[in-house]
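Visitor: Hey, dropping input03.cif in here, mmCIF, C-alpha atoms:
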```
data_entry
loop_
_atom_site.label_atom_id
_atom_site.label_comp_id
_atom_site.auth_asym_id
_atom_site.auth_seq_id
_atom_site.Cartn_x
_atom_site.Cartn_y
_atom_site.Cartn_z
CA MET U 1 -16.14 5.12 14.22
CA ASN U 2 -16.92 8.53 12.84
CA ALA U 3 -18.56 7.81 9.53
CA ARG U 4 -20.81 10.85 9.61
CA ALA U 5 -17.99 13.33 10.07
CA THR U 6 -16.06 11.56 7.33
CA LEU U 7 -18.98 11.63 4.92
CA SER U 8 -19.56 15.34 5.42
CA ALA U 9 -16.00 16.03 4.28
CA LEU U 10 -16.28 14.08 1.04
CA SER U 11 -15.25 15.60 -2.26
CA PRO U 12 -17.62 15.57 -5.26
CA ALA U 13 -16.00 12.38 -6.54
CA GLN U 14 -16.48 10.75 -3.18
CA GLN U 15 -20.06 11.90 -2.96
CA ALA U 16 -20.77 9.71 -5.95
CA ILE U 17 -19.96 6.77 -3.71
CA ASP U 18 -22.92 5.15 -2.07
CA PRO U 19 -22.95 6.31 1.57
CA ILE U 20 -23.31 2.76 2.86
CA ASP U 21 -20.27 1.71 0.79
CA ALA U 22 -18.34 4.66 2.25
CA MET U 23 -19.38 3.65 5.75
CA LEU U 24 -18.34 0.07 5.10
CA ILE U 25 -14.94 1.10 3.68
CA HIS U 26 -14.41 3.29 6.70
CA ARG U 27 -15.31 0.49 9.10
CA LEU U 28 -13.18 -2.04 7.24
CA HIS U 29 -9.98 -0.03 7.27
CA GLY U 30 -8.81 -2.38 10.00
CA ASP U 31 -9.97 -4.19 13.10
CA PHE U 32 -11.75 -6.87 11.11
CA PRO U 33 -13.10 -9.35 13.65
CA LEU U 34 -11.42 -12.71 14.11
CA SER U 35 -14.71 -14.27 15.12
CA GLU U 36 -16.43 -17.21 13.48
CA GLN U 37 -18.75 -15.00 11.45
CA PRO U 38 -16.88 -11.71 11.10
CA TYR U 39 -19.07 -10.29 8.31
CA ARG U 40 -22.12 -10.78 10.51
CA GLU U 41 -20.37 -9.00 13.36
CA VAL U 42 -19.44 -6.03 11.15
CA GLY U 43 -22.97 -5.97 9.76
CA GLN U 44 -24.45 -5.84 13.24
CA GLN U 45 -22.28 -2.82 14.02
CA LEU U 46 -23.48 -1.02 10.88
CA GLY U 47 -27.09 -2.13 10.68
CA LEU U 48 -26.49 -4.46 7.74
CA THR U 49 -27.04 -8.16 7.33
CA GLU U 50 -24.16 -10.55 6.84
CA GLN U 51 -25.21 -11.09 3.23
CA GLN U 52 -25.37 -7.35 2.58
CA VAL U 53 -21.82 -6.89 3.85
CA ILE U 54 -20.53 -9.75 1.71
CA ALA U 55 -22.46 -8.63 -1.38
CA ARG U 56 -21.22 -5.05 -1.08
CA LEU U 57 -17.62 -6.19 -0.65
CA LEU U 58 -17.90 -8.42 -3.70
CA ARG U 59 -19.32 -5.59 -5.77
CA MET U 60 -16.74 -3.04 -4.60
CA LEU U 61 -13.92 -5.46 -5.44
CA GLU U 62 -15.44 -6.16 -8.86
CA ASP U 63 -15.94 -2.44 -9.53
CA GLY U 64 -12.38 -1.65 -8.51
CA LEU U 65 -13.44 0.65 -5.69
CA LEU U 66 -11.48 -1.73 -3.48
CA THR U 67 -8.30 -3.32 -4.74
CA ARG U 68 -8.21 -5.97 -2.02
CA PHE U 69 -9.84 -7.16 1.14
CA GLY U 70 -7.95 -9.28 3.62
CA PRO U 71 -4.77 -9.42 5.70
CA LEU U 72 -1.98 -7.03 4.74
CA PHE U 73 1.27 -8.81 5.46
CA GLN U 74 4.38 -7.03 6.68
CA ILE U 75 6.93 -9.43 5.23
CA GLU U 76 9.81 -7.48 6.79
CA ARG U 77 8.83 -9.01 10.13
CA ALA U 78 9.75 -12.39 8.65
CA GLY U 79 13.06 -11.50 7.01
CA GLY U 80 11.54 -10.17 3.83
CA GLN U 81 11.84 -6.77 2.21
CA PHE U 82 9.73 -4.19 0.46
CA VAL U 83 11.92 -2.15 -1.86
CA LEU U 84 10.89 0.86 -3.91
CA ALA U 85 12.48 0.91 -7.34
CA ALA U 86 12.32 3.23 -10.31
CA MET U 87 13.11 3.18 -13.99
CA GLN U 88 13.44 5.72 -16.78
CA VAL U 89 11.40 4.06 -19.50
CA PRO U 90 11.35 5.43 -23.06
CA GLU U 91 7.76 6.49 -23.78
CA HIS U 92 7.41 4.34 -26.87
CA ARG U 93 8.27 1.25 -24.82
CA PHE U 94 6.29 2.17 -21.72
CA ASP U 95 3.41 -0.30 -21.99
CA ALA U 96 5.65 -3.18 -23.04
CA VAL U 97 8.04 -2.56 -20.16
CA ALA U 98 5.11 -2.22 -17.74
CA ALA U 99 3.92 -5.66 -18.84
CA GLN U 100 7.41 -7.12 -18.35
CA VAL U 101 7.74 -5.61 -14.88
CA ASN U 102 4.20 -6.48 -13.78
CA ALA U 103 4.70 -10.09 -14.83
CA LEU U 104 6.92 -10.65 -11.79
CA ASP U 105 5.03 -11.88 -8.73
CA GLU U 106 7.50 -9.88 -6.65
CA VAL U 107 6.10 -6.60 -8.04
CA ALA U 108 3.40 -5.66 -5.53
CA HIS U 109 2.53 -2.19 -6.85
CA ASN U 110 3.53 -0.25 -9.90
CA TYR U 111 2.71 3.36 -10.68
CA ARG U 112 3.31 5.56 -13.65
CA ARG U 113 4.58 8.95 -12.51
CA GLU U 114 5.09 12.17 -14.40
CA HIS U 115 8.86 12.48 -14.36
CA GLY U 116 11.95 11.25 -16.24
CA PHE U 117 11.80 8.43 -13.71
CA ASN U 118 8.38 7.47 -14.97
CA MET U 119 7.88 3.98 -13.56
CA TRP U 120 7.92 3.36 -9.80
CA PHE U 121 7.27 -0.04 -8.36
CA VAL U 122 7.54 -1.88 -5.08
CA LEU U 123 9.24 -5.26 -4.90
CA ALA U 124 7.94 -7.41 -2.05
CA CYS U 125 10.23 -10.36 -1.44
CA THR U 126 10.85 -12.93 1.25
CA SER U 127 14.59 -12.12 1.31
CA GLY U 128 17.07 -9.46 0.30
CA GLU U 129 18.58 -11.86 -2.24
CA ALA U 130 15.20 -12.21 -3.90
CA VAL U 131 15.01 -8.42 -4.30
CA LEU U 132 18.39 -8.34 -6.04
CA ALA U 133 17.37 -11.27 -8.24
CA ALA U 134 14.16 -9.50 -9.25
CA CYS U 135 16.05 -6.28 -10.09
CA ASP U 136 18.56 -8.27 -12.15
CA ARG U 137 15.82 -10.05 -14.01
CA ILE U 138 14.02 -6.81 -14.87
CA GLU U 139 17.28 -5.24 -16.08
CA ARG U 140 18.05 -8.30 -18.19
CA GLU U 141 14.60 -8.50 -19.72
CA THR U 142 14.16 -4.79 -20.40
CA GLY U 143 17.74 -3.67 -20.95
CA LEU U 144 17.00 -0.70 -18.68
CA GLN U 145 18.64 0.24 -15.41
CA VAL U 146 16.65 -0.40 -12.23
CA TYR U 147 17.29 2.11 -9.46
CA ALA U 148 16.55 0.48 -6.10
CA PHE U 149 15.70 2.78 -3.22
CA PRO U 150 15.50 0.57 -0.14
CA LYS U 151 14.15 2.39 2.88
CA GLU U 152 16.83 3.30 5.35
CA LYS U 153 14.41 4.66 7.90
CA GLU U 154 10.65 4.81 8.19
CA PHE U 155 9.16 7.78 9.98
CA PHE U 156 6.05 6.91 11.88
CA VAL U 157 2.82 7.93 10.25
CA GLU U 158 -0.75 6.93 10.69
CA LEU U 159 -2.87 6.45 7.63
CA ARG U 160 -5.59 9.00 8.01
CA LEU U 161 -7.21 9.22 4.59
CA PRO U 162 -10.93 9.39 5.18
CA ALA U 163 -12.88 6.88 3.16
CA MET J 1 11.78 -16.69 8.53
CA LEU J 2 8.28 -17.87 7.87
CA SER J 3 7.11 -21.13 9.38
CA THR J 4 5.45 -23.58 7.04
CA PHE J 5 2.06 -22.82 8.55
CA ASP J 6 2.56 -19.05 8.27
CA ARG J 7 3.51 -19.42 4.63
CA GLN J 8 0.43 -21.57 4.00
CA LEU J 9 -1.75 -19.02 5.75
CA MET J 10 -0.28 -16.21 3.68
CA GLU J 11 -0.71 -18.13 0.44
CA ALA J 12 -4.32 -18.90 1.33
CA THR J 13 -5.22 -15.28 2.16
CA GLN J 14 -2.83 -12.97 0.28
CA ALA J 15 -5.26 -12.52 -2.61
CA GLY J 16 -8.05 -11.82 -0.13
CA LEU J 17 -10.10 -13.24 2.67
CA PRO J 18 -12.89 -15.51 1.35
CA LEU J 19 -16.19 -13.66 1.05
CA VAL J 20 -18.28 -16.34 2.71
CA PRO J 21 -20.05 -16.25 6.08
CA ARG J 22 -17.31 -18.26 7.80
CA PRO J 23 -14.13 -17.19 6.01
CA TYR J 24 -11.68 -18.55 8.59
CA ASP J 25 -13.42 -21.93 8.53
CA LEU J 26 -12.96 -22.05 4.77
CA VAL J 27 -9.26 -21.18 5.04
CA ALA J 28 -8.86 -23.85 7.74
CA GLN J 29 -10.62 -26.41 5.58
CA ARG J 30 -8.28 -25.65 2.66
CA LEU J 31 -5.25 -26.02 4.91
CA GLY J 32 -6.56 -29.08 6.73
CA VAL J 33 -6.42 -27.51 10.21
CA GLN J 34 -8.94 -26.51 12.86
CA PRO J 35 -10.65 -23.11 12.36
CA ALA J 36 -9.47 -21.97 15.78
CA GLN J 37 -5.86 -22.48 14.68
CA VAL J 38 -6.36 -20.11 11.76
CA ARG J 39 -8.01 -17.42 13.89
CA GLU J 40 -5.47 -17.72 16.70
CA ARG J 41 -2.47 -17.59 14.39
CA LEU J 42 -3.89 -14.58 12.52
CA ALA J 43 -4.40 -12.84 15.87
CA ASP J 44 -0.79 -13.61 16.82
CA MET J 45 0.47 -12.37 13.45
CA LEU J 46 -1.40 -9.11 14.00
CA HIS J 47 0.12 -8.83 17.44
CA GLU J 48 3.62 -9.55 16.10
CA GLY J 49 3.21 -7.06 13.27
CA LEU J 50 3.54 -9.73 10.62
CA ILE J 51 0.06 -8.63 9.59
CA ARG J 52 -0.35 -4.85 9.60
CA ARG J 53 -4.12 -5.04 9.47
CA ILE J 54 -6.96 -7.12 8.14
CA GLY J 55 -9.08 -4.81 6.11
CA ALA J 56 -10.08 -3.17 2.87
CA VAL J 57 -7.63 -1.50 0.51
CA PRO J 58 -9.47 1.20 -1.41
CA ASN J 59 -8.46 2.54 -4.77
CA HIS J 60 -7.78 6.07 -3.59
CA TYR J 61 -8.42 7.52 -7.05
CA ARG J 62 -11.96 6.21 -6.84
CA LEU J 63 -12.38 7.86 -3.45
CA GLY J 64 -11.64 11.23 -5.01
CA TYR J 65 -7.94 11.42 -4.17
CA THR J 66 -6.92 11.97 -7.75
CA ALA J 67 -3.82 14.05 -6.96
CA ASN J 68 -1.28 11.71 -5.44
CA GLY J 69 2.12 13.26 -5.10
CA MET J 70 5.31 11.60 -4.09
CA THR J 71 7.25 14.57 -2.74
CA VAL J 72 11.00 14.00 -2.67
CA TRP J 73 13.54 16.17 -0.87
CA ASN J 74 17.29 16.58 -0.82
CA VAL J 75 17.87 17.04 2.89
CA ASP J 76 21.09 17.57 4.80
CA ASP J 77 22.19 14.12 6.01
CA ALA J 78 22.89 15.47 9.48
CA LEU J 79 19.32 16.69 9.87
CA VAL J 80 17.24 14.29 7.81
CA ASP J 81 16.24 11.93 10.64
CA GLU J 82 15.13 14.66 12.99
CA LEU J 83 13.22 16.46 10.21
CA GLY J 84 11.80 13.21 8.83
CA GLU J 85 10.02 12.63 12.13
CA LYS J 86 8.41 16.05 11.85
CA VAL J 87 7.37 15.54 8.23
CA GLY J 88 5.92 12.14 9.10
CA ALA J 89 3.87 13.78 11.83
CA LEU J 90 2.07 16.10 9.37
CA ASP J 91 -1.49 14.88 9.09
CA PHE J 92 -1.59 14.89 5.29
CA VAL J 93 1.53 12.71 4.92
CA SER J 94 0.62 9.03 4.52
CA HIS J 95 4.13 7.58 4.26
CA CYS J 96 7.53 9.06 5.02
CA TYR J 97 10.88 7.38 4.42
CA ARG J 98 14.57 8.09 4.21
CA ARG J 99 16.14 6.38 1.20
CA PRO J 100 19.56 6.45 -0.45
CA ARG J 101 20.32 8.98 -3.15
CA ALA J 102 21.36 7.80 -6.62
CA LEU J 103 23.76 10.51 -7.67
CA PRO J 104 24.00 12.22 -10.04
CA ASN J 105 20.56 11.40 -11.41
CA TRP J 106 18.62 11.37 -8.18
CA PRO J 107 19.68 13.65 -5.33
CA TYR J 108 16.69 13.06 -3.06
CA ASN J 109 16.86 11.23 0.26
CA LEU J 110 13.52 11.98 1.96
CA TYR J 111 10.18 10.83 0.57
CA ALA J 112 6.77 11.98 1.78
CA MET J 113 3.58 10.77 0.10
CA VAL J 114 0.76 13.28 0.07
CA HIS J 115 -2.74 12.84 -1.25
CA GLY J 116 -5.14 15.51 -2.35
CA HIS J 117 -8.23 16.05 -4.41
CA THR J 118 -6.42 18.55 -6.63
CA ARG J 119 -2.83 19.37 -7.51
CA PRO J 120 -3.00 22.85 -5.94
CA GLU J 121 -3.96 21.09 -2.70
CA VAL J 122 -0.90 18.83 -2.99
CA GLU J 123 1.26 21.87 -3.80
CA ARG J 124 0.04 23.65 -0.68
CA GLN J 125 0.94 20.57 1.34
CA ALA J 126 4.38 20.44 -0.28
CA LEU J 127 4.84 24.09 0.65
CA GLN J 128 4.17 23.24 4.27
CA ILE J 129 6.83 20.54 4.11
CA GLN J 130 9.20 23.02 2.50
CA CYS J 131 8.62 25.53 5.31
CA LEU J 132 9.30 22.83 7.86
CA LEU J 133 12.52 21.71 6.18
CA ALA J 134 13.58 25.29 5.48
CA GLU J 135 17.27 25.63 4.57
CA ALA J 136 17.98 21.97 5.43
CA SER J 137 16.48 21.09 2.04
CA CYS J 138 18.33 22.17 -1.08
CA GLY J 139 15.87 20.91 -3.66
CA HIS J 140 12.67 18.98 -4.10
CA ASP J 141 10.29 17.61 -6.67
CA ILE J 142 6.73 16.30 -6.76
CA LEU J 143 6.06 13.17 -8.79
CA TYR J 144 2.37 12.77 -9.48
CA SER J 145 1.07 9.33 -10.23
CA SER J 146 -0.84 9.26 -13.48
CA ARG J 147 -1.76 5.58 -13.67
CA ILE J 148 -1.90 2.55 -11.42
CA LEU J 149 -0.10 -0.12 -13.42
CA LYS J 150 -0.41 -2.81 -10.76
CA LYS J 151 -1.72 -2.97 -7.22
CA THR J 152 -1.92 -6.56 -6.10
CA GLY J 153 0.09 -6.25 -2.91
CA LEU J 154 2.42 -8.92 -1.64
CA ARG J 155 2.39 -12.27 -3.41
CA LEU J 156 4.68 -15.04 -2.35
CA PRO J 157 6.48 -16.08 -5.54
CA SER J 158 5.03 -19.28 -6.90
CA THR J 159 8.53 -20.66 -7.55
CA GLU J 160 9.15 -20.78 -3.81
CA SER J 161 5.94 -22.53 -2.86
#
```
Can you present the structure in this file as structure tokens?

Guide:
Amino acid sequence: MNARATLSALSPAQQAIDPIDAMLIHRLHGDFPLSEQPYREVGQQLGLTEQQVIARLLRMLEDGLLTRFGPLFQIERAGGQFVLAAMQVPEHRFDAVAAQVNALDEVAHNYRREHGFNMWFVLACTSGEAVLAACDRIERETGLQVYAFPKEKEFFVELRLPA
Amino acid sequence: MLSTFDRQLMEATQAGLPLVPRPYDLVAQRLGVQPAQVRERLADMLHEGLIRRIGAVPNHYRLGYTANGMTVWNVDDALVDELGEKVGALDFVSHCYRRPRALPNWPYNLYAMVHGHTRPEVERQALQIQCLLAEASCGHDILYSSRILKKTGLRLPSTES
């Protein structure tokens, strides 16, 4: 835990974040307790009550400061796959195609990027066949080619973004 | 393959852990099992790597990381694995993968995600990668994200449940 050092390095945008929120985000990057009352345990570590921890999490999720709080599953350990895919979407169709792509449960993330390949999404599926089926469905529904870029090798990194 | 219980656990928590004082008890109640079973299986899943972590996923834009660049590199196939390890070890790289090219439209085979507060910061980071790859790379690009269209994370498809 090094919340103070992290806070001192915050950018102007980050400084707008309540320091207790920042501390909580930092603490909750991982290592969430598997105890009976985990929010109370985290609160005790940070000088907050259980209710304060829960209320702040609720607010940060509602505000969109957090996109999720909970277990992050690595489906590849159970035969599943995460596959990055990209499309070249005509600008005038971009929002409609985004809606078509996002409608699939298999699409875990989707980002607009500034490039000819302007839509990049991640398919998270319980099997390789399900990935192919999702790509086929998107191609059929949009009439656009889906370029799948499955990872061939992952180079070890640690997530170090201060929050 | 996922066991029935693992799948149930995932379905019960993939949208988030309940924000109640005893979240694991609530999950157990929904699944009709003992709370200890939920906590023990989650601990095992963490140990097995089936759960990467239990924690908060911030919107990095809201944390001030507004310049998010996917840097992509066309690296000599004979050297890409060795160099990929070095790129992944740079402290500003959050993800690093080797992926297939899609010629002729897409010549890149190494991806390194970098996050900065400004684009010049991302460009300086890309320059460091370029120095590291040196002549092994014969082209690169930086794709900045301009909008999050979706960020729900893994969802087991409802058709399978």

Visitor: Pull out every residue of chain U that has at least one atom within 7 Å of chain J, counting only C-alpha atoms, and report them as a VMD selection string.

Guide: chain U and resid 11 13 to 14 25 28 to 32 34 36 to 37 39 54 64 to 75 77 to 79 102 105 to 106 108 to 115 124 149 to 159 163

Visitor: Could you save those same residues with C-alpha atoms as an mmCIF file, in the coordinates of the input?

Guide:
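What ended up in again_25.cif:
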```cif
data_model
loop_
_atom_site.group_PDB
_atom_site.id
_atom_site.type_symbol
_atom_site.label_atom_id
_atom_site.label_comp_id
_atom_site.auth_asym_id
_atom_site.auth_seq_id
_atom_site.Cartn_x
_atom_site.Cartn_y
_atom_site.Cartn_z
ATOM 1 C CA SER U 11 -15.250 15.600 -2.260
ATOM 2 C CA ALA U 13 -16.000 12.380 -6.540
ATOM 3 C CA GLN U 14 -16.480 10.750 -3.180
ATOM 4 C CA ILE U 25 -14.940 1.100 3.680
ATOM 5 C CA LEU U 28 -13.180 -2.040 7.240
ATOM 6 C CA HIS U 29 -9.980 -0.030 7.270
ATOM 7 C CA GLY U 30 -8.810 -2.380 10.000
ATOM 8 C CA ASP U 31 -9.970 -4.190 13.100
ATOM 9 C CA PHE U 32 -11.750 -6.870 11.110
ATOM 10 C CA LEU U 34 -11.420 -12.710 14.110
ATOM 11 C CA GLU U 36 -16.430 -17.210 13.480
ATOM 12 C CA GLN U 37 -18.750 -15.000 11.450
ATOM 13 C CA TYR U 39 -19.070 -10.290 8.310
ATOM 14 C CA ILE U 54 -20.530 -9.750 1.710
ATOM 15 C CA GLY U 64 -12.380 -1.650 -8.510
ATOM 16 C CA LEU U 65 -13.440 0.650 -5.690
ATOM 17 C CA LEU U 66 -11.480 -1.730 -3.480
ATOM 18 C CA THR U 67 -8.300 -3.320 -4.740
ATOM 19 C CA ARG U 68 -8.210 -5.970 -2.020
ATOM 20 C CA PHE U 69 -9.840 -7.160 1.140
ATOM 21 C CA GLY U 70 -7.950 -9.280 3.620
ATOM 22 C CA PRO U 71 -4.770 -9.420 5.700
ATOM 23 C CA LEU U 72 -1.980 -7.030 4.740
ATOM 24 C CA PHE U 73 1.270 -8.810 5.460
ATOM 25 C CA GLN U 74 4.380 -7.030 6.680
ATOM 26 C CA ILE U 75 6.930 -9.430 5.230
ATOM 27 C CA ARG U 77 8.830 -9.010 10.130
ATOM 28 C CA ALA U 78 9.750 -12.390 8.650
ATOM 29 C CA GLY U 79 13.060 -11.500 7.010
ATOM 30 C CA ASN U 102 4.200 -6.480 -13.780
ATOM 31 C CA ASP U 105 5.030 -11.880 -8.730
ATOM 32 C CA GLU U 106 7.500 -9.880 -6.650
ATOM 33 C CA ALA U 108 3.400 -5.660 -5.530
ATOM 34 C CA HIS U 109 2.530 -2.190 -6.850
ATOM 35 C CA ASN U 110 3.530 -0.250 -9.900
ATOM 36 C CA TYR U 111 2.710 3.360 -10.680
ATOM 37 C CA ARG U 112 3.310 5.560 -13.650
ATOM 38 C CA ARG U 113 4.580 8.950 -12.510
ATOM 39 C CA GLU U 114 5.090 12.170 -14.400
ATOM 40 C CA HIS U 115 8.860 12.480 -14.360
ATOM 41 C CA ALA U 124 7.940 -7.410 -2.050
ATOM 42 C CA PHE U 149 15.700 2.780 -3.220
ATOM 43 C CA PRO U 150 15.500 0.570 -0.140
ATOM 44 C CA LYS U 151 14.150 2.390 2.880
ATOM 45 C CA GLU U 152 16.830 3.300 5.350
ATOM 46 C CA LYS U 153 14.410 4.660 7.900
ATOM 47 C CA GLU U 154 10.650 4.810 8.190
ATOM 48 C CA PHE U 155 9.160 7.780 9.980
ATOM 49 C CA PHE U 156 6.050 6.910 11.880
ATOM 50 C CA VAL U 157 2.820 7.930 10.250
ATOM 51 C CA GLU U 158 -0.750 6.930 10.690
ATOM 52 C CA LEU U 159 -2.870 6.450 7.630
ATOM 53 C CA ALA U 163 -12.880 6.880 3.160
#
```

Visitor: Each side padded by 5 Å, which centre and which edge lengths in Å (one decimal) define the axis-aligned box around the listed atoms of range 112-126 of chain J? Give them as JSON.

Guide:
```
{"center_x": -0.7, "center_y": 17.2, "center_z": -2.9, "size_x": 25.0, "size_y": 22.9, "size_z": 19.3}
```

Visitor: Do you have the CA of Ser127 in chain U-CA of Glu76 in chain U distance handy?

Guide: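 Separation of CA of Ser127 in chain U and CA of Glu76 in chain U: 8.6 Å.
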
Visitor: For the provided coordinates, the residues matched by the PyMOL selection byres ((chain U and resi 132-135) around 8) should be stated as a VMD selection string.

Guide: chain U and resid 104 106 123 128 to 131 136 to 139 146 148

Visitor: Between J:Val114, J:Leu103, J:Ala78, J:Ala67, which has the minimum distance to Ala126 in chain J (counting all atoms listed in the file)?

Guide: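 Of the candidates, the smallest distance to Ala126 in chain J is held by J:Val114.
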
Visitor: Could you write out as a list in words the residues that the PyMOL selection byres ((chain U and resi 119) around 7) matches in the shown file?

Guide: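 In the shown coordinates, the PyMOL selection byres ((chain U and resi 119) around 7) covers Ala86, Met87, Gln88, Val89, Tyr111, Arg112, Arg113, Phe117, Asn118, Trp120 and Phe121 of chain U.
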
Visitor: Please provide as a PyMOL selection string all residues within 10 Å of Asp21 in chain U, with the sequence filter that same-chain residues fewer than 2 positions apart are discarded (counting only C-alpha atoms).

Guide: chain U and resi 17-19+23-27+53+56-57+59-60+65+163

Visitor: Record the distance separating CA of Cys138 in chain J and CA of Asn74 in chain J, expressed in Å with one decimal.

Guide: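 Straight-line distance from CA of Cys138 in chain J to CA of Asn74 in chain J works out to 5.7 Å.
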
Visitor: Between CA of Thr126 in chain U and CA of Phe82 in chain U, what is the spacing in Å?

Guide: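 Separation of CA of Phe82 in chain U and CA of Thr126 in chain U: 8.8 Å.
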
Visitor: Restricting the calculation to only C-alpha atoms: of J:Glu121, J:Glu135, J:Trp73, J:Leu9, which residue gets closest to Val33 in chain J?

Guide: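 Ranked by minimum distance to Val33 in chain J, first place goes to J:Leu9.
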